[in-house]
>>> print(open('my_file_20.txt').read())   # compact mmCIF, C-alpha atoms
# COMPACT_ATOMS: atom_id res chain seq x y z
CA MET C 771 23.58 30.28 76.95
CA GLN C 772 23.07 27.28 79.19
CA ALA C 773 21.14 24.34 77.78
CA SER C 774 18.88 24.52 80.84
CA CYS C 775 17.78 28.08 80.04
CA THR C 776 14.01 28.50 79.69
CA CYS C 777 14.02 32.15 78.70
CA GLY C 778 13.13 31.96 75.01
CA ILE C 779 10.05 33.47 73.38
CA ASP C 780 8.72 31.58 70.36
CA ILE C 781 6.56 33.81 68.17
CA HIS C 782 5.65 31.12 65.60
CA SER C 783 3.67 28.08 66.72
CA HIS C 784 0.29 26.74 65.71
CA VAL C 785 -2.98 25.48 67.11
CA VAL C 786 -5.65 23.14 65.79
CA PRO C 787 -8.69 22.78 68.08
CA GLU C 788 -9.46 19.32 69.43
CA HIS C 789 -12.95 19.63 67.90
CA PHE C 790 -14.61 21.86 65.33
CA PRO C 791 -18.17 23.07 65.89
CA ALA C 792 -21.16 22.24 63.77
CA TYR C 793 -21.94 24.98 61.29
CA LEU C 794 -24.66 27.32 62.55
CA GLY C 795 -26.72 27.66 59.41
CA SER C 796 -28.77 25.77 56.89
CA ALA C 797 -25.90 24.22 54.92
CA ALA C 798 -22.26 23.98 55.98
CA PRO C 799 -19.66 25.13 53.43
CA ALA C 800 -18.01 22.24 51.62
CA ASP C 801 -14.64 23.17 53.15
CA TRP C 802 -15.90 23.51 56.75
CA PRO C 803 -13.27 21.55 58.74
CA SER C 804 -13.93 18.57 60.97
CA MET C 805 -11.93 16.13 63.05
CA ALA C 806 -11.81 12.35 62.59
CA PRO C 807 -10.17 9.77 64.85
CA ALA C 808 -6.64 8.71 63.93
CA TYR C 809 -4.24 6.77 66.14
CA ALA C 810 -3.33 7.33 69.79
CA CYS C 811 -3.31 11.03 70.76
CA HIS C 812 -3.79 12.06 67.10
CA ARG C 813 -6.69 13.24 64.94
CA HIS C 814 -7.19 13.82 61.24
CA VAL C 815 -8.10 17.34 60.12
CA VAL C 816 -10.65 16.77 57.34
CA ILE C 817 -11.32 19.58 54.85
CA SER C 818 -13.50 19.17 51.75
CA GLY C 819 -13.83 15.47 52.49
CA LYS C 820 -10.07 14.81 52.49
CA VAL C 821 -7.51 14.45 55.26
CA TYR C 822 -5.57 17.71 55.15
CA ARG C 823 -3.19 16.88 58.00
CA THR C 824 -2.91 14.44 60.89
CA VAL C 825 -2.13 16.29 64.11
CA SER C 826 -1.28 15.32 67.67
CA GLU C 827 -2.71 16.50 70.97
CA ARG C 828 0.15 18.97 71.17
CA CYS C 829 -1.99 21.13 68.86
CA TRP C 830 -4.64 21.66 71.54
CA SER C 831 -3.18 20.54 74.89
CA PRO C 832 -1.48 23.31 76.91
CA THR C 833 -0.04 20.67 79.24
CA ARG C 834 1.75 18.72 76.49
CA ARG C 835 2.85 21.94 74.83
CA ILE C 836 4.39 23.32 78.02
CA GLU C 837 6.25 20.05 78.63
CA ASP C 838 7.89 20.47 75.24
CA MET C 839 8.50 24.18 75.80
CA ASP C 840 10.56 23.40 78.89
CA ALA C 841 12.71 20.96 76.90
CA MET C 842 13.09 23.55 74.10
CA GLY C 843 14.19 26.32 76.48
CA LEU C 844 11.07 28.44 76.01
CA SER C 845 9.45 30.62 78.66
CA LEU C 846 6.64 31.84 76.39
CA GLN C 847 5.08 30.59 73.19
CA VAL C 848 2.81 32.55 70.89
CA ILE C 849 0.03 30.41 69.43
CA SER C 850 -1.79 31.12 66.18
CA PRO C 851 -4.10 29.03 63.99
CA MET C 852 -2.81 26.47 61.52
CA PRO C 853 -2.68 28.74 58.45
CA GLU C 854 -5.15 26.67 56.40
CA LEU C 855 -7.76 27.54 59.04
CA LEU C 856 -7.61 31.25 58.13
CA SER C 857 -10.36 30.36 55.62
CA TYR C 858 -10.18 33.39 53.34
CA TRP C 859 -11.86 31.35 50.59
CA MET C 860 -15.06 30.77 52.58
CA ALA C 861 -18.09 33.01 52.45
CA PRO C 862 -17.34 35.84 54.90
CA ALA C 863 -20.08 35.04 57.41
CA ALA C 864 -19.06 31.39 57.57
CA ALA C 865 -15.39 32.26 57.99
CA ALA C 866 -16.24 34.75 60.74
CA GLN C 867 -18.17 32.03 62.60
CA LEU C 868 -15.32 29.54 62.35
CA LEU C 869 -12.61 32.05 63.29
CA ARG C 870 -14.57 33.27 66.32
CA TYR C 871 -14.64 29.67 67.58
CA ILE C 872 -10.91 29.17 66.96
CA ASN C 873 -10.06 32.47 68.66
CA GLU C 874 -12.08 31.53 71.71
CA GLN C 875 -10.44 28.09 71.83
CA MET C 876 -7.03 29.79 71.82
CA ALA C 877 -8.17 32.11 74.60
CA GLU C 878 -9.03 29.03 76.67
CA MET C 879 -5.58 27.58 76.05
CA VAL C 880 -3.94 30.84 77.12
CA GLY C 881 -6.07 30.89 80.27
CA LEU C 882 -5.02 27.34 81.18
CA SER C 883 -1.32 27.92 80.52
CA GLY C 884 -0.34 29.77 83.68
CA GLY C 885 1.17 32.61 81.68
CA ARG C 886 3.22 30.38 79.35
CA LEU C 887 1.13 31.07 76.23
CA CYS C 888 -0.14 34.15 74.46
CA ALA C 889 -2.06 34.32 71.20
CA LEU C 890 -2.35 35.89 67.79
CA GLY C 891 -5.91 35.61 66.54
CA ALA C 892 -7.41 35.25 63.08
CA VAL C 893 -9.69 37.66 61.21
CA PRO C 894 -11.73 37.17 57.99
CA LEU C 895 -9.79 39.55 55.75
CA GLN C 896 -12.01 38.75 52.76
CA ASP C 897 -14.53 41.14 54.38
CA MET C 898 -13.03 44.30 55.87
CA ASP C 899 -15.95 45.13 58.18
CA LEU C 900 -15.93 41.64 59.68
CA ALA C 901 -12.13 41.66 59.91
CA LEU C 902 -12.07 44.95 61.81
CA ALA C 903 -14.79 43.73 64.16
CA GLU C 904 -12.86 40.52 64.94
CA LEU C 905 -9.65 42.50 65.41
CA ASP C 906 -11.47 44.53 68.07
CA TYR C 907 -12.75 41.32 69.68
CA VAL C 908 -9.44 39.47 69.88
CA VAL C 909 -7.45 42.46 71.12
CA ASP C 910 -9.98 44.25 73.34
CA ARG C 911 -12.04 41.33 74.64
CA LEU C 912 -9.68 38.36 74.51
CA GLY C 913 -6.50 40.30 75.26
CA PHE C 914 -4.50 38.85 72.37
CA ALA C 915 -1.20 40.44 71.35
CA GLY C 916 -2.40 40.75 67.76
CA VAL C 917 -3.29 38.58 64.77
CA GLU C 918 -1.88 36.17 62.24
CA ILE C 919 -2.62 36.78 58.55
CA GLY C 920 -1.74 34.88 55.39
CA SER C 921 0.97 35.78 52.88
CA ASN C 922 -1.86 36.28 50.43
CA ILE C 923 -5.58 36.75 50.83
CA ASN C 924 -7.16 34.90 47.90
CA GLY C 925 -4.14 35.78 45.79
CA LYS C 926 -3.76 39.40 46.92
CA PRO C 927 -0.63 40.28 48.94
CA PRO C 928 -0.71 42.19 52.23
CA GLY C 929 0.47 45.36 50.50
CA ALA C 930 -2.64 45.50 48.27
CA PRO C 931 -4.56 48.75 48.86
CA GLU C 932 -7.79 47.05 49.97
CA PHE C 933 -6.09 45.94 53.21
CA ALA C 934 -5.01 49.44 54.21
CA PRO C 935 -7.87 49.89 56.74
CA PHE C 936 -6.81 46.71 58.54
CA PHE C 937 -3.20 47.84 58.93
CA ALA C 938 -4.29 51.30 60.04
CA ALA C 939 -6.48 49.71 62.72
CA ALA C 940 -3.72 47.32 63.82
CA GLU C 941 -1.30 50.23 64.19
CA ALA C 942 -3.85 52.28 66.14
CA LYS C 943 -4.54 49.37 68.53
CA GLY C 944 -0.88 48.47 68.95
CA ALA C 945 -1.65 44.97 67.63
CA ALA C 946 1.22 42.84 66.34
CA VAL C 947 0.70 41.27 62.90
CA PHE C 948 2.39 37.99 62.00
CA VAL C 949 2.38 37.08 58.29
CA HIS C 950 2.52 33.34 57.59
CA ALA C 951 2.90 31.60 54.24
CA LEU C 952 -0.35 30.24 52.84
CA ARG C 953 -1.35 28.58 49.54
CA PRO C 954 1.77 29.82 47.77
CA ALA C 955 1.99 31.09 44.23
CA GLY C 956 3.79 28.77 41.84
CA LYS C 957 2.98 25.56 43.68
CA GLU C 958 1.89 24.00 40.38
CA ARG C 959 5.53 24.23 39.24
CA LEU C 960 6.89 22.09 42.08
CA VAL C 961 7.85 18.64 40.86
CA GLY C 962 7.73 16.00 43.58
CA PRO C 963 5.83 15.17 46.79
CA ALA C 964 3.27 17.57 48.22
CA GLN C 965 5.58 18.51 51.09
CA LEU C 966 7.66 20.56 48.65
CA GLN C 967 4.99 23.24 49.04
CA GLN C 968 6.23 23.80 52.60
CA ALA C 969 9.90 23.42 51.76
CA LEU C 970 10.02 25.56 48.61
CA GLY C 971 6.68 27.30 48.03
CA TYR C 972 6.33 28.93 51.45
CA PRO C 973 9.62 30.92 51.35
CA THR C 974 8.78 32.23 47.90
CA ASP C 975 5.31 33.43 48.87
CA ILE C 976 6.41 35.01 52.14
CA GLY C 977 9.22 36.83 50.30
CA LEU C 978 6.72 38.27 47.83
CA ALA C 979 4.38 39.22 50.67
CA ALA C 980 7.13 41.12 52.46
CA ALA C 981 8.21 42.75 49.20
CA SER C 982 4.64 44.02 48.70
CA VAL C 983 4.90 45.81 52.03
CA LEU C 984 8.09 47.55 50.86
CA THR C 985 6.94 48.48 47.36
CA THR C 986 3.73 50.03 48.72
CA ASN C 987 5.54 51.89 51.53
CA LEU C 988 3.25 50.31 54.12
CA ILE C 989 5.70 50.73 56.98
CA GLU C 990 6.34 54.34 55.92
CA ARG C 991 2.63 55.08 56.09
CA HIS C 992 2.24 53.23 59.40
CA PRO C 993 5.55 53.72 61.23
CA LYS C 994 4.29 52.28 64.52
CA LEU C 995 2.97 49.08 62.93
CA ARG C 996 4.70 45.96 64.24
CA ILE C 997 4.61 43.38 61.45
CA ALA C 998 6.63 40.14 61.26
CA PHE C 999 7.20 37.56 58.53
CA SER C 1000 7.57 33.82 58.96
CA HIS C 1001 10.42 31.61 57.72
CA GLY C 1002 13.04 34.33 57.99
CA GLY C 1003 11.16 36.51 55.51
CA GLY C 1004 11.53 33.78 52.91
CA THR C 1005 13.30 34.99 49.79
CA LEU C 1006 13.21 38.67 50.77
CA ALA C 1007 16.87 38.96 51.79
CA ALA C 1008 17.92 37.61 48.37
CA LEU C 1009 15.50 39.92 46.57
CA LEU C 1010 16.60 43.13 48.30
CA PRO C 1011 19.84 43.80 46.36
CA ARG C 1012 18.02 43.32 43.06
CA LEU C 1013 15.18 45.59 44.20
CA GLU C 1014 17.70 48.24 45.30
CA GLN C 1015 19.45 48.14 41.92
CA ALA C 1016 16.14 48.30 40.07
CA ARG C 1017 15.19 51.36 42.11
CA ARG C 1018 18.44 53.04 41.04
CA VAL C 1019 17.91 52.14 37.37
CA PHE C 1020 14.19 52.79 36.92
CA PRO C 1021 12.82 56.25 37.78
CA ALA C 1022 9.32 54.85 38.28
CA LEU C 1023 10.57 52.69 41.14
CA GLN C 1024 12.48 55.59 42.67
CA GLU C 1025 9.27 57.60 42.60
CA ALA C 1026 7.19 54.73 43.96
CA MET C 1027 9.59 54.05 46.87
CA PRO C 1028 10.96 57.34 48.23
CA CYS C 1029 12.49 55.33 51.09
CA GLY C 1030 14.83 52.56 49.97
CA PRO C 1031 13.60 48.97 50.31
CA SER C 1032 16.55 47.85 52.45
CA GLU C 1033 15.94 50.66 54.90
CA GLN C 1034 12.26 49.75 55.11
CA ALA C 1035 13.09 46.04 55.50
CA ARG C 1036 15.09 46.81 58.64
CA ARG C 1037 11.88 48.11 60.26
CA LEU C 1038 10.01 44.82 59.82
CA PHE C 1039 10.35 41.77 62.08
CA TYR C 1040 11.20 38.19 61.07
CA ASP C 1041 11.42 34.82 62.72
CA ALA C 1042 14.73 32.96 62.63
CA LEU C 1043 13.27 29.73 61.26
CA VAL C 1044 15.85 29.03 58.54
CA PHE C 1045 17.59 25.81 59.78
CA ASP C 1046 21.05 27.11 58.90
CA ALA C 1047 23.61 29.22 60.81
CA PRO C 1048 25.14 31.03 57.77
CA THR C 1049 21.66 31.92 56.53
CA LEU C 1050 20.71 33.33 59.93
CA GLN C 1051 23.93 35.36 59.98
CA HIS C 1052 23.05 36.74 56.55
CA LEU C 1053 19.58 37.73 57.78
CA LEU C 1054 21.11 39.53 60.75
CA ALA C 1055 23.32 41.50 58.37
CA SER C 1056 20.41 42.22 56.01
CA PHE C 1057 17.63 43.01 58.47
CA GLY C 1058 19.41 44.08 61.65
CA GLU C 1059 20.10 42.51 65.02
CA SER C 1060 16.97 44.02 66.56
CA GLN C 1061 14.48 42.45 64.12
CA LEU C 1062 14.85 38.66 64.36
CA MET C 1063 13.17 36.36 66.89
CA ILE C 1064 12.70 32.68 67.65
CA GLY C 1065 10.12 30.90 65.50
CA THR C 1066 9.66 27.15 65.63
CA ASP C 1067 6.51 26.16 63.65
CA TYR C 1068 5.71 23.85 66.59
CA PRO C 1069 4.13 21.30 66.79
CA PHE C 1070 4.21 20.19 63.16
CA ALA C 1071 6.81 17.72 61.83
CA PHE C 1072 8.71 20.45 59.96
CA HIS C 1073 9.61 22.49 63.07
CA GLU C 1074 12.70 23.70 64.86
CA CYS C 1075 13.24 21.36 67.81
CA LYS C 1076 16.23 23.18 69.34
CA PRO C 1077 15.70 26.90 68.77
CA LEU C 1078 18.20 28.11 71.37
CA ALA C 1079 20.92 25.81 70.06
CA SER C 1080 20.32 27.08 66.52
CA ILE C 1081 20.85 30.66 67.64
CA ASN C 1082 23.89 29.72 69.73
CA ASP C 1083 25.45 28.06 66.67
CA ALA C 1084 25.03 31.21 64.58
CA VAL C 1085 25.76 33.95 67.13
CA ALA C 1086 28.84 34.24 69.31
CA ASP C 1087 27.94 37.44 71.16
CA ALA C 1088 25.98 36.69 74.35
CA ALA C 1089 24.13 40.02 74.39
CA LEU C 1090 22.97 39.53 70.80
CA ARG C 1091 21.84 35.99 71.57
CA THR C 1092 19.71 37.36 74.39
CA ARG C 1093 18.09 39.87 72.05
CA LEU C 1094 17.25 37.15 69.53
CA ILE C 1095 16.01 34.73 72.15
CA THR C 1096 13.93 37.12 74.25
CA HIS C 1097 14.03 40.88 73.86
CA ASN C 1098 13.23 41.35 70.17
CA ALA C 1099 10.09 39.27 70.64
CA GLU C 1100 9.08 41.37 73.64
CA ARG C 1101 9.22 44.46 71.41
CA PHE C 1102 7.26 42.79 68.61
CA LEU C 1103 4.53 41.55 70.96
CA GLY C 1104 4.34 44.80 72.93
CA LEU C 1105 5.32 43.05 76.19
CA PRO C 1106 7.13 44.70 79.09
CA SER C 1107 10.86 44.39 78.51
CA THR C 1108 12.93 42.15 80.77
CA LEU C 1109 16.08 43.88 79.52
CA GLN C 1110 18.10 45.01 82.53
>>> encode(input="my_file_20.txt", output="structure tokens")
Amino acid sequence: MQASCTCGIDIHSHVVPEHFPAYLGSAAPADWPSMAPAYACHRHVVISGKVYRTVSERCWSPTRRIEDMDAMGLSLQVISPMPELLSYWMAPAAAAQLLRYINEQMAEMVGLSGGRLCALGAVPLQDMDLALAELDYVVDRLGFAGVEIGSNINGKPPGAPEFAPFFAAAEAKGAAVFVHALRPAGKERLVGPAQLQQALGYPTDIGLAAASVLTTNLIERHPKLRIAFSHGGGTLAALLPRLEQARRVFPALQEAMPCGPSEQARRLFYDALVFDAPTLQHLLASFGESQLMIGTDYPFAFHECKPLASINDAVADAALRTRLITHNAERFLGLPSTLQ
């Protein structure tokens, strides 16, 4: 793969709007986000009166984003909200108001991108009626490829039964679902700087989220659902052999999972954001060559700057590299295939 190639599709990148709207109501929730000036080309995201993250204009500027995409070898980038903006902990009506604004801001970015961006929207999953209505809006009205959801919704994993109507609707609409780590379990056990939550907590939570999909047979019940997991599926690949052995040992697990977890796992999608060639090779062996895609976590500091080079380092076969760089993402997003 030539370094000058710009054929990659990045399914994992994030957006923060340049501004947040005023709350339309009598009293804004305490955690309604706002922006405050920082230094040149940067702003502080303020949540609950504290700076949550300082972000650059790359979060909201299609022009700056596309400049970086060219250098990264990307033809298309999928944008989704910074996960903390999913706002599952807000009152449902307030979250719906905020997410509608963010979805419409992303639609503007897509419209200004000249076909270089597409979007995964956000829905207020703490209220199923509002979530289904926003799913209709982002797919049918805004033309988004699907939605991003958190690895847990106020502590409940995606496989929890209360989210079944959402996944049924996503399957029926052909909407892709991207699961991103959010407010991970066990973060109180991390000893060290706050950034350890991203380094260590996120893979754990995303692994448990993916495992919940297997143990509840979600993909068996919705075989046409296209669902992907961030950060290479986190710990899932390491958990699968243990889950397989437990299923052989414990009759209750055999009964609960008629289809083996490893077989189900090879029907899910994953990004390749693991920063390590041997780990990526292990994921290919565990999940299958058709299920992994570029994910960068752009534009945050902890992102993959050279996604094509990372795949080239791990994969010798040119045809497989092309699948990982382009064609698997086309299938996940429901785009026309460029495979000749």
>>> closest_residue(input="my_file_20.txt", among="C:Ala930, C:Cys777, C:Tyr858, C:Glu918", to="C:Gln896", atoms="only C-alpha atoms")
C:Tyr858
>>> residues_around(input="my_file_20.txt", residues="stretch 784-801 of chain C", least_positions_apart="3", cutoff="6 Å", atoms="only C-alpha atoms", output="number ranges by chain")
C: 804, 817-818, 829-830, 849-852
>>> closest_residue(input="my_file_20.txt", among="C:Leu856, C:Val909, C:Val1044, C:Ile997", to="C:Leu952", atoms="all atoms listed in the file")
C:Leu856
>>> atom_distance(input="my_file_20.txt", atom1="atom CA of C:Ala951", atom2="atom CA of C:Ala980")
10.6 Å
>>> axis_aligned_box(input="my_file_20.txt", around="stretch 836-845 of chain C", padding_each_side="4 Å", output="AutoDock Vina command-line options")
--center_x 9.3 --center_y 25.3 --center_z 76.5 --size_x 17.8 --size_y 18.6 --size_z 12.8
